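Q: File name work.txt; file contents compact mmCIF, C-alpha atoms; full text below.
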```
# COMPACT_ATOMS: atom_id res chain seq x y z
CA MET A 1 11.33 -3.14 -14.68
CA LYS A 2 8.29 -3.59 -12.51
CA GLU A 3 7.27 -6.42 -10.27
CA ILE A 4 3.52 -6.95 -10.17
CA THR A 5 2.29 -8.91 -7.16
CA ALA A 6 -1.36 -9.90 -7.46
CA ILE A 7 -3.38 -11.75 -4.85
CA ILE A 8 -6.42 -13.27 -6.54
CA ARG A 9 -9.22 -15.80 -6.03
CA ARG A 10 -8.26 -19.44 -6.59
CA ASP A 11 -10.90 -20.02 -9.26
CA LYS A 12 -9.72 -16.99 -11.27
CA LEU A 13 -6.23 -18.37 -11.82
CA GLN A 14 -6.92 -20.09 -15.14
CA PRO A 15 -8.83 -17.13 -16.69
CA THR A 16 -6.04 -14.80 -15.54
CA LYS A 17 -3.38 -17.02 -17.11
CA ALA A 18 -5.37 -17.16 -20.35
CA ALA A 19 -5.80 -13.37 -20.42
CA LEU A 20 -2.09 -12.80 -19.80
CA ALA A 21 -1.21 -15.21 -22.60
CA GLU A 22 -3.57 -13.30 -24.88
CA ILE A 23 -1.75 -9.98 -24.35
CA GLY A 24 1.57 -11.74 -25.06
CA LEU A 25 3.00 -11.70 -21.52
CA PRO A 26 2.50 -15.27 -20.32
CA SER A 27 5.40 -15.44 -17.81
CA VAL A 28 4.11 -15.78 -14.28
CA SER A 29 5.05 -17.35 -10.94
CA ILE A 30 2.20 -18.78 -8.89
CA GLN A 31 2.13 -19.46 -5.17
CA SER A 32 -0.59 -20.91 -3.03
CA VAL A 33 -1.05 -18.61 -0.05
CA GLU A 34 -3.52 -17.73 2.67
CA GLY A 35 -4.51 -14.22 3.44
CA ARG A 36 -6.90 -11.82 5.11
CA GLY A 37 -7.96 -8.33 4.25
CA LYS A 38 -10.19 -5.62 5.69
CA GLN A 39 -12.88 -8.23 6.52
CA ARG A 40 -10.28 -10.22 8.50
CA GLY A 41 -10.91 -13.48 6.72
CA ASP A 42 -14.68 -13.41 7.36
CA VAL A 43 -15.99 -14.90 4.10
CA ALA A 44 -19.64 -14.34 5.11
CA CYS A 45 -19.15 -10.58 5.07
CA THR A 46 -20.91 -8.79 2.22
CA LEU A 47 -20.87 -5.19 1.07
CA GLN A 48 -24.00 -4.32 3.06
CA ASP A 49 -22.53 -5.65 6.30
CA MET A 50 -19.61 -3.27 6.47
CA ASP A 51 -19.53 -0.23 8.69
CA LEU A 52 -19.28 3.17 7.06
CA ASP A 53 -15.61 3.36 7.96
CA GLY A 54 -15.08 0.15 5.98
CA GLN A 55 -13.21 -1.49 8.85
CA THR A 56 -15.68 -3.64 10.77
CA CYS A 57 -18.09 -6.31 9.59
CA ASN A 58 -21.59 -6.62 11.09
CA ALA A 59 -22.71 -9.85 9.44
CA THR A 60 -25.41 -10.66 11.99
CA HIS A 61 -27.86 -12.46 9.71
CA VAL A 62 -25.47 -15.32 8.97
CA LYS A 63 -24.78 -16.10 12.62
CA ILE A 64 -26.59 -19.21 13.73
CA LYS A 65 -28.93 -18.92 16.70
CA PRO A 66 -26.81 -19.39 19.81
CA THR A 67 -27.34 -22.64 21.68
CA PRO A 68 -25.56 -23.51 24.95
CA SER A 69 -22.94 -25.47 23.04
CA THR A 70 -22.19 -22.81 20.42
CA TYR A 71 -22.13 -20.17 23.16
CA ALA A 72 -19.61 -22.24 25.08
CA LEU A 73 -17.60 -22.73 21.90
CA GLU A 74 -17.48 -19.01 21.22
CA HIS A 75 -16.55 -18.02 24.74
CA THR A 76 -14.04 -20.65 25.80
CA LEU A 77 -11.85 -21.23 22.78
CA PRO A 78 -9.06 -18.71 22.28
CA LYS A 79 -9.54 -16.29 19.44
CA VAL A 80 -7.94 -17.45 16.20
CA ALA A 81 -7.05 -15.47 13.13
CA LEU A 82 -9.02 -16.59 10.07
CA TYR A 83 -7.55 -16.91 6.60
CA VAL A 84 -8.90 -17.31 3.09
CA PRO A 85 -6.95 -19.42 0.58
CA LYS A 86 -5.69 -17.31 -2.35
CA ARG A 87 -3.28 -17.47 -5.25
CA LEU A 88 -0.33 -15.09 -5.38
CA LEU A 89 0.97 -14.19 -8.83
CA THR A 90 4.36 -12.58 -9.35
CA ILE A 91 4.92 -11.07 -12.78
CA ILE A 92 7.99 -9.11 -13.80
CA VAL A 93 7.62 -6.94 -16.89
CA SER A 94 9.17 -3.87 -18.46
CA ASP A 95 7.99 -0.44 -17.31
CA GLY A 96 5.88 0.04 -20.44
CA ASP A 97 3.94 -3.21 -20.09
CA ALA A 98 3.11 -2.80 -16.39
CA PRO A 99 -0.11 -0.72 -16.76
CA LEU A 100 -1.49 -3.18 -19.34
CA VAL A 101 -0.83 -6.18 -17.07
CA VAL A 102 -2.44 -4.42 -14.08
CA LYS A 103 -5.49 -3.50 -16.16
CA THR A 104 -5.82 -7.05 -17.51
CA ILE A 105 -5.64 -8.59 -14.03
CA ILE A 106 -8.21 -6.15 -12.66
CA ASP A 107 -10.59 -6.71 -15.59
CA VAL A 108 -10.46 -10.50 -15.37
CA ASN A 109 -10.70 -10.77 -11.59
CA LYS A 110 -13.38 -8.18 -10.88
CA THR A 111 -16.54 -9.78 -9.45
CA GLY A 112 -17.65 -6.81 -7.33
CA GLN A 113 -17.67 -8.83 -4.11
CA TYR A 114 -15.22 -8.69 -1.22
CA GLY A 115 -12.24 -10.95 -1.68
CA ASP A 116 -11.33 -10.04 -5.25
CA GLY A 117 -7.81 -9.28 -4.07
CA LYS A 118 -5.10 -6.67 -4.47
CA VAL A 119 -2.46 -5.77 -7.02
CA PHE A 120 0.85 -4.23 -5.96
CA VAL A 121 3.46 -2.69 -8.24
CA SER A 122 7.09 -2.20 -7.20
CA THR A 123 10.42 -1.65 -8.94
CA ILE A 124 12.97 -4.35 -9.82
CA GLU A 125 16.50 -3.13 -10.41
CA ASP A 126 17.86 -5.84 -12.67
CA ALA A 127 17.04 -9.25 -14.10
CA LYS A 128 19.10 -12.00 -15.65
CA THR A 129 18.21 -15.09 -17.63
CA ILE A 130 20.22 -17.95 -16.19
CA ARG A 131 20.46 -19.94 -19.44
CA THR A 132 21.77 -17.16 -21.67
CA GLY A 133 23.09 -14.59 -19.20
CA VAL A 134 21.05 -11.83 -20.83
CA THR A 135 20.45 -8.95 -18.40
CA GLY A 136 18.11 -5.98 -18.15
CA THR A 137 14.76 -5.49 -19.84
CA GLU A 138 15.60 -8.04 -22.56
CA ALA A 139 15.64 -10.75 -19.90
CA VAL A 140 11.95 -10.22 -19.15
CA ALA A 141 10.78 -9.40 -22.68
CA MET B 1 3.60 2.43 0.58
CA LYS B 2 5.91 -0.20 2.01
CA MET B 3 5.88 -3.96 1.70
CA VAL B 4 6.90 -5.62 4.95
CA ARG B 5 8.00 -9.26 4.62
CA ALA B 6 8.59 -10.99 7.93
CA PHE B 7 10.00 -14.49 8.32
CA VAL B 8 8.76 -15.59 11.71
CA ARG B 9 8.45 -18.73 13.79
CA PRO B 10 5.32 -20.63 12.73
CA GLU B 11 4.19 -20.98 16.36
CA LYS B 12 4.35 -17.19 16.85
CA GLU B 13 2.23 -16.39 13.79
CA GLN B 14 -1.20 -16.31 15.49
CA GLU B 15 0.06 -14.07 18.28
CA ILE B 16 1.63 -11.64 15.81
CA VAL B 17 -1.43 -11.55 13.54
CA LEU B 18 -3.85 -10.93 16.41
CA ALA B 19 -1.59 -8.16 17.73
CA LEU B 20 -1.48 -6.58 14.26
CA GLU B 21 -5.26 -6.84 14.00
CA GLY B 22 -5.58 -5.11 17.37
CA ALA B 23 -3.40 -2.28 16.10
CA GLY B 24 -5.56 -1.92 12.98
CA HIS B 25 -3.31 -3.64 10.44
CA GLY B 26 -5.37 -6.78 9.92
CA SER B 27 -4.67 -7.30 6.22
CA LEU B 28 -1.84 -9.65 5.33
CA THR B 29 -0.84 -12.70 3.32
CA LYS B 30 0.98 -15.65 4.83
CA MET B 31 2.78 -18.58 3.30
CA PRO B 32 4.80 -21.43 4.68
CA VAL B 33 8.47 -21.34 3.65
CA PHE B 34 11.67 -23.26 4.36
CA GLY B 35 15.05 -21.70 4.74
CA ARG B 36 18.20 -21.28 6.67
CA GLY B 37 20.08 -18.35 8.13
CA LYS B 38 23.46 -17.41 9.51
CA GLN B 39 23.70 -20.55 11.60
CA LYS B 40 23.21 -22.73 8.49
CA GLY B 41 20.36 -24.65 10.00
CA LEU B 42 20.31 -26.46 13.29
CA GLN B 43 22.05 -29.45 14.85
CA VAL B 44 20.31 -31.45 17.53
CA GLY B 45 22.68 -34.16 18.70
CA PRO B 46 23.70 -36.15 15.64
CA VAL B 47 20.76 -34.93 13.56
CA TYR B 48 21.36 -31.98 11.27
CA TYR B 49 18.52 -29.83 9.95
CA ASP B 50 19.61 -27.73 6.99
CA GLU B 51 16.30 -26.03 6.25
CA LEU B 52 13.89 -24.96 8.94
CA PRO B 53 10.19 -24.19 8.54
CA LYS B 54 9.16 -20.56 8.88
CA THR B 55 6.05 -18.55 8.12
CA LEU B 56 6.36 -15.62 5.75
CA LEU B 57 3.98 -12.77 6.53
CA MET B 58 3.56 -10.22 3.77
CA LEU B 59 1.86 -6.87 4.45
CA VAL B 60 1.59 -3.73 2.41
CA VAL B 61 1.11 -0.66 4.59
CA GLU B 62 1.32 3.10 4.34
CA ASP B 63 4.76 4.65 4.87
CA GLU B 64 3.84 6.25 8.21
CA VAL B 65 2.77 3.02 9.91
CA ALA B 66 5.52 0.75 8.53
CA GLY B 67 7.70 1.47 11.57
CA ASP B 68 4.92 0.57 14.00
CA VAL B 69 4.15 -2.67 12.15
CA VAL B 70 7.81 -3.73 12.17
CA GLU B 71 8.10 -2.90 15.86
CA LEU B 72 4.99 -4.93 16.68
CA ILE B 73 6.16 -7.98 14.71
CA GLU B 74 9.56 -7.69 16.35
CA GLU B 75 8.11 -7.45 19.84
CA LYS B 76 5.67 -10.34 19.44
CA GLY B 77 7.98 -12.57 17.42
CA ARG B 78 11.00 -12.37 19.68
CA THR B 79 11.99 -15.28 21.91
CA GLY B 80 15.64 -14.29 22.31
CA PHE B 81 16.93 -17.53 20.78
CA ILE B 82 18.45 -17.96 17.33
CA GLY B 83 15.85 -18.54 14.63
CA ASP B 84 13.48 -15.72 15.51
CA GLY B 85 13.60 -14.62 11.88
CA LYS B 86 14.11 -11.50 9.82
CA ILE B 87 11.99 -8.61 8.60
CA PHE B 88 12.52 -7.00 5.20
CA ILE B 89 10.97 -3.73 4.01
CA SER B 90 10.73 -2.68 0.37
CA PRO B 91 8.98 0.17 -1.42
CA VAL B 92 5.71 -0.35 -3.31
CA GLU B 93 4.72 2.29 -5.84
CA GLU B 94 1.13 1.42 -6.58
CA ALA B 95 -1.64 -0.67 -5.06
CA TYR B 96 -5.03 -1.48 -6.57
CA THR B 97 -8.18 -3.01 -5.11
CA ILE B 98 -9.46 -5.42 -7.76
CA ARG B 99 -13.10 -5.16 -6.64
CA THR B 100 -13.27 -1.42 -7.38
CA GLY B 101 -10.23 -1.03 -9.63
CA GLU B 102 -9.23 1.99 -7.57
CA ALA B 103 -5.67 2.86 -6.63
CA GLY B 104 -4.73 2.84 -2.96
CA LEU B 105 -4.88 0.40 -0.09
```
Rewrite the coordinates I just gave you, this time as structure tokens.
A:
Amino acid sequence: MKEITAIIRRDKLQPTKAALAEIGLPSVSIQSVEGRGKQRGDVACTLQDMDLDGQTCNATHVKIKPTPSTYALEHTLPKVALYVPKRLLTIIVSDGDAPLVVKTIIDVNKTGQYGDGKVFVSTIEDAKTIRTGVTGTEAVA
Amino acid sequence: MKMVRAFVRPEKEQEIVLALEGAGHGSLTKMPVFGRGKQKGLQVGPVYYDELPKTLLMLVVEDEVAGDVVELIEEKGRTGFIGDGKIFISPVEEAYTIRTGEAGL
């Protein structure tokens, strides 16, 4: 069995759920989380603003013109880590279904802009349905 | 790749995240959680707290740097008192960036 952990945009949750229902694997756990990626939570960062190494953002055009008060704000407050609200989906499926689920999630969530999210796949050893006591792959089928 | 899940004190989260960013591991997901550990919660006078708030940090990193990340979280998250939290590491086989559809972090 495989555990698929997907971190996606909030507004893509409903389309993703619909697409998963369409391929016949509607079971999903959803959590509301906050996260940051390579752009460190800077939502103004676009593809053109990134350095060649893909690690630092140079979004200069969105910065407002510094005034004494904004300058003071930037230089006196301690640095804080920024986060973007996301939805975390956890889906557990049999080994055979995992590639299809990953492909579906990627297809539905792709917008081409930063912040589309990540999909992780890891192994689950066993599963059990509490109501019936069924174990193994049948429990997630 | 390894998934590192760290249950840390909520007040230590900013310090840990900024330290991780400084070390080049800026990408993570956080969520607020409630739980209890070996001490089964906390008793302050007559008041008993069964579940305590923690922050769960979830990072997926390459195998080579997993040790460094754990060490950094440990160092920054430690106060020496009970309730500092736990770190769990599990293997991740595949990772995909949705924007490009490519495999890898």
Q: Give me, as a VMD selection string, the contact residues of chain A against chain B at a cut-off of 12 Å, counting only C-alpha atoms.
A: chain A and resid 2 to 9 31 to 42 47 54 to 56 78 to 88 98 to 99 102 to 124
Q: Could you state the separation of atom CA of Val65 of chain B and atom CA of Leu20 of chain B in Å, given to one decimal place?
A: 11.4 Å
Q: Could you work out how far atom CA of Val101 of chain A lies from atom CA of Arg10 of chain A, giving the answer in Å with one decimal?
A: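 Atom-to-atom, atom CA of Arg10 of chain A and atom CA of Val101 of chain A are spaced 18.5 Å apart.
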Q: To one decimal place in Å, what is the distance between atom CA of Glu74 of chain B and atom CA of Glu125 of chain A?
A: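 Value for the atom CA of Glu74 of chain B-atom CA of Glu125 of chain A distance: 28.0 Å.
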Q: Using only C-alpha atoms for the distances, tell me which of B:Gly37, B:Pro53, B:Gly80, B:Gly67 is nearest to Glu11 of chain B.
A: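 That would be B:Pro53, the residue with the smallest distance to Glu11 of chain B.
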Q: Taking 4 positions as the minimum chain separation for residues in the same chain, which residues sit within 6 Å of Phe34 of chain B when counting all atoms listed in the file? Answer as a PDB file with C-alpha atoms, in the coordinates of the input.
A:
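That gives us around39.pdb:
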```pdb
ATOM      1  CA  GLU B  51      16.300 -26.030   6.250  1.00  0.00           C
ATOM      2  CA  LEU B  52      13.890 -24.960   8.940  1.00  0.00           C
ATOM      3  CA  PRO B  53      10.190 -24.190   8.540  1.00  0.00           C
ATOM      4  CA  LYS B  54       9.160 -20.560   8.880  1.00  0.00           C
TER       5      LYS B  54
END
```
Q: Would you compute the box with edges along x, y and z of the file around segment 76-90 of chain B, including every atom the file lists for it and 6 Å extra on each side, and give its centre and edge lengths in Å to one decimal, as JSON?
A:
```
{"center_x": 12.1, "center_y": -10.6, "center_z": 11.3, "size_x": 24.8, "size_y": 27.9, "size_z": 33.9}
```
Q: Pick from B:Leu42, B:Gly35, B:Val61, B:Ala6: nearest to Lys76 of chain B, with only C-alpha atoms counted?
A: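 Using only C-alpha atoms, Lys76 of chain B sits closest to B:Ala6.
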